[in-house]
Number of protein chains: 2
Amino acid sequence: MNNTLERSAGIEFWFDFGSNYSYLSVMRIGELARRNNVAITWRPVLLGPIFKSFGWETSPFVLQEEKGRYVWTDMARQCEKFGLPWQRPSTFPRHSLLPVRVALSCANEPWIEDFCKRVMLRNFAADQDINDEQSVAGMLAQSGCADPAAAVAAAQGEANKLKLKEQTARAKALGVFGAPTFFVNGEMFWGNDRLADAIEFASRS
Amino acid sequence: MNNTLERSAGIEFWFDFGSNYSYLSVMRIGELARRNNVAITWRPVLLGPIFKSFGWETSPFVLQEEKGRYVWTDMARQCEKFGLPWQRPSTFPRHSLLPVRVALSCANEPWIEDFCKRVMLRNFAADQDINDEQSVAGMLAQSGCADPAAAVAAAQGEANKLKLKEQTARAKALGVFGAPTFFVNGEMFWGNDRLADAIEFASRS
């Protein structure tokens with residue numbers, strides 16, 4: 001026995017800044033996790049290479065026209081339901097390599113949640129590109145990162161590039177096929193529609 | 001002004017007996033609709049021709065191995081959540097042509113909900129085939145159909161065969177790309193995860 005607080009199982013949160021349903025979860029997960037005393041491990045990943053491994057050249061929402069049309073209606077409704085701003089991106093899916101690298105490199109920083117929300121809002125509420133150094137550095141500064149230029153440089157260093165390749169390979173090995181995906185005690189939950197279930201499972205585990 | 005009761009917009013419910021997420025909605029929709037005073041229009045359809053029109057030879061859950069694996073975990077959890085019996089079908093997707101034809105031909109019968117539930121339970125709780133005349137006639141009898149043999153014969157008549165082809169073409173034209181799908185006042189809602197939203201929208205419309 002010791003005097004550390006009992007903690008529930010944590011939640012691993014796999015997401016890509018280009019993924020619209022990941023937007024919903026990035027905006028919601030922090031509050032849900034805090035309310036249930038669940039620790040979040042942020043796992044930014046590139047969906048592109050995962051989709052390519054299935055033989056898809058882009059998002060399934062682009063490849064399958066019928067589902068794609070529906071998805072934007074669904075997104076507008078879901079954002080209204082959760083009280084989130086929404087503008088359909090004029091480019092989809094947006095390139096997300098740089099912010100994904102930064103989020104990976106900075107995944108344990110206290111301001112990671114704030115940074116991820118800013119990137120998502122830029123993509124899905126302001127309809128602006130998210131992959132250039134200047135805007136990424138600006139969002140880092142707004143989030144409380146002390147040295148945005150150094151963070152961007154580190155994110156683009158060889159070590160972090162390799163780390164992202166390994167992160168993506170690990171996602172594949174875990175069976176990740178889309179985003180957002182959550183793992184709790186090795187159990188997979190897929191989609192923003194299962195975020196609450198995953199948090200609940202984590203708080204019971 | 002007259003003395004008819006005010007009725008909300010109805011809900012059109014498109015489903016296939018071979019579809020596992022349709023199972024969840026067939027079991028849930030009746031109670032939800034009654035509680036919200038929403039009329040259901042039952043729209044049985046064959047997903048096979050719709051999938052073929054996308055170039056898929058079978059269910060996307062079979063074609064995409066990673067998603068397929070996850071779906072059965074998700075189904076077990078969803079059934080537990082909704083208090084529904086569950087056994088992963090040893091054959092998936094099961095042939096559903098005969099019960100779909102019967103449900104189409106009998107869509108306005110007072111026992112249609114009961115019949116649809118029985119077919120779904122046979123597939124997803126008892127793990128038995130659903131496409132033979134004897135078991136379909138048996139389920140019709142249990143549901144309160146006065147003349148199951150006549151119902152099966154009518155379902156397989158040329159007029160009803162043509163009606164199902166038209167029903168499937170209509171689903172395609174409406175943009176249906178999977179099941180369950182709901183329409184309320186021309187608005188599409190896809191998936192059992194959106195059933196409650198669709199019912200709520202119908203009760204407000």
# chains A, B, ... in the order shown; residues from 1 in each chain; ligands from 1
>>> residues_around(residues="stretch 148-161 of chain B", least_positions_apart="4", cutoff="6 Å", atoms="only C-alpha atoms", output="list in words")
Arg101, Val102, Ser105, Ala137, Leu140 and Ala141 of chain B
>>> select_by_dssp(residues="chain B", states="strand (DSSP E)", output="list in words")
Ile11, Glu12, Phe13, Trp14, Phe15, Ile40, Thr41, Trp42, Arg43, Pro44, Thr181, Phe182, Phe183, Val184, Glu187, Met188, Phe189 and Trp190 of chain B
>>> interface_residues(of="chain B", to="chain A", cutoff="12 Å", atoms="only C-alpha atoms", output="MDAnalysis selection string")
chainID B and resid 50:51 53:56 60:61 63:75 77:78 81 171:179 181 187:194 197:198 201
>>> residues_around(residues="B:Lys117", least_positions_apart="2", cutoff="10 Å", atoms="only C-alpha atoms", output="VMD selection string")
chain B and resid 17 23 to 28 30 112 to 115 119 to 123 139 143
>>> atom_distance(atom1="atom CA of A:Gln87", atom2="atom CA of A:Pro49")
26.1 Å
>>> select_by_dssp(residues="stretch 45-142 of chain A", states="alpha helix (DSSP H)", output="PDB file with C-alpha atoms, in the first residue's frame")
ATOM      1  CA  LEU A  47      -3.660   7.518 -42.002  1.00  0.00           C
ATOM      2  CA  GLY A  48      -2.326   7.827 -45.560  1.00  0.00           C
ATOM      3  CA  PRO A  49       0.174   4.944 -45.344  1.00  0.00           C
ATOM      4  CA  ILE A  50      -2.430   2.801 -43.557  1.00  0.00           C
ATOM      5  CA  PHE A  51      -4.987   3.440 -46.317  1.00  0.00           C
ATOM      6  CA  LYS A  52      -2.305   2.757 -48.950  1.00  0.00           C
ATOM      7  CA  SER A  53      -1.656  -0.629 -47.325  1.00  0.00           C
ATOM      8  CA  PRO A  60     -12.460   6.095 -48.225  1.00  0.00           C
ATOM      9  CA  PHE A  61     -14.800   9.115 -47.998  1.00  0.00           C
ATOM     10  CA  VAL A  62     -13.289  10.344 -51.260  1.00  0.00           C
ATOM     11  CA  LEU A  63     -13.116   6.903 -52.875  1.00  0.00           C
ATOM     12  CA  GLU A  65     -18.782   8.809 -53.463  1.00  0.00           C
ATOM     13  CA  GLU A  66     -22.073   7.835 -51.808  1.00  0.00           C
ATOM     14  CA  LYS A  67     -20.586   7.561 -48.335  1.00  0.00           C
ATOM     15  CA  GLY A  68     -18.546  10.705 -48.920  1.00  0.00           C
ATOM     16  CA  ARG A  69     -21.673  12.743 -49.663  1.00  0.00           C
ATOM     17  CA  TYR A  70     -23.326  11.502 -46.494  1.00  0.00           C
ATOM     18  CA  VAL A  71     -20.294  12.107 -44.276  1.00  0.00           C
ATOM     19  CA  TRP A  72     -20.506  15.895 -44.630  1.00  0.00           C
ATOM     20  CA  THR A  73     -24.167  15.922 -43.641  1.00  0.00           C
ATOM     21  CA  ASP A  74     -23.330  13.730 -40.689  1.00  0.00           C
ATOM     22  CA  MET A  75     -20.419  15.966 -39.657  1.00  0.00           C
ATOM     23  CA  ALA A  76     -22.606  19.075 -39.654  1.00  0.00           C
ATOM     24  CA  ARG A  77     -25.171  17.304 -37.468  1.00  0.00           C
ATOM     25  CA  GLN A  78     -22.566  15.871 -35.104  1.00  0.00           C
ATOM     26  CA  CYS A  79     -20.894  19.253 -34.649  1.00  0.00           C
ATOM     27  CA  GLU A  80     -24.252  20.805 -33.846  1.00  0.00           C
ATOM     28  CA  LYS A  81     -24.943  18.033 -31.342  1.00  0.00           C
ATOM     29  CA  PHE A  82     -21.595  18.549 -29.574  1.00  0.00           C
ATOM     30  CA  LEU A  97       2.547  15.520 -41.962  1.00  0.00           C
ATOM     31  CA  LEU A  98       4.077  18.476 -40.121  1.00  0.00           C
ATOM     32  CA  PRO A  99       1.511  18.850 -37.308  1.00  0.00           C
ATOM     33  CA  VAL A 100       1.450  15.052 -36.876  1.00  0.00           C
ATOM     34  CA  ARG A 101       5.233  15.047 -36.488  1.00  0.00           C
ATOM     35  CA  VAL A 102       5.050  17.929 -34.007  1.00  0.00           C
ATOM     36  CA  ALA A 103       2.278  16.254 -31.998  1.00  0.00           C
ATOM     37  CA  LEU A 104       4.273  13.030 -31.891  1.00  0.00           C
ATOM     38  CA  SER A 105       7.419  14.790 -30.780  1.00  0.00           C
ATOM     39  CA  ILE A 112      -0.527  18.908 -26.242  1.00  0.00           C
ATOM     40  CA  GLU A 113      -4.340  18.895 -25.955  1.00  0.00           C
ATOM     41  CA  ASP A 114      -4.546  22.619 -26.618  1.00  0.00           C
ATOM     42  CA  PHE A 115      -2.224  22.347 -29.625  1.00  0.00           C
ATOM     43  CA  CYS A 116      -4.201  19.461 -31.125  1.00  0.00           C
ATOM     44  CA  LYS A 117      -7.459  21.371 -30.737  1.00  0.00           C
ATOM     45  CA  ARG A 118      -5.987  24.429 -32.466  1.00  0.00           C
ATOM     46  CA  VAL A 119      -4.799  22.371 -35.440  1.00  0.00           C
ATOM     47  CA  MET A 120      -8.186  20.680 -35.743  1.00  0.00           C
ATOM     48  CA  LEU A 121     -10.106  23.960 -35.509  1.00  0.00           C
ATOM     49  CA  ARG A 122      -7.870  25.427 -38.202  1.00  0.00           C
ATOM     50  CA  ASN A 123      -8.718  22.532 -40.516  1.00  0.00           C
ATOM     51  CA  PHE A 124     -12.405  21.936 -39.758  1.00  0.00           C
ATOM     52  CA  GLU A 133       5.814  25.781 -40.614  1.00  0.00           C
ATOM     53  CA  GLN A 134       4.562  29.283 -39.938  1.00  0.00           C
ATOM     54  CA  SER A 135       1.043  28.378 -38.914  1.00  0.00           C
ATOM     55  CA  VAL A 136       2.201  25.326 -36.935  1.00  0.00           C
ATOM     56  CA  ALA A 137       4.706  27.509 -35.050  1.00  0.00           C
ATOM     57  CA  GLY A 138       1.984  30.070 -34.416  1.00  0.00           C
ATOM     58  CA  MET A 139      -0.319  27.444 -32.934  1.00  0.00           C
ATOM     59  CA  LEU A 140       2.525  26.089 -30.794  1.00  0.00           C
ATOM     60  CA  ALA A 141       3.113  29.581 -29.394  1.00  0.00           C
ATOM     61  CA  GLN A 142      -0.597  30.078 -28.665  1.00  0.00           C
TER      62      GLN A 142
END
>>> residues_around(residues="B:Thr91", least_positions_apart="2", cutoff="9 Å", atoms="only C-alpha atoms", output="VMD selection string")
chain B and resid 88 to 89 93 to 94 127 to 129
>>> closest_residue(among="A:Phe183, A:Glu166, A:Ser203, A:Ala39", to="A:Phe13", atoms="only C-alpha atoms")
A:Phe183
>>> atom_distance(atom1="atom CA of B:Arg35", atom2="atom CA of B:Glu200")
10.5 Å
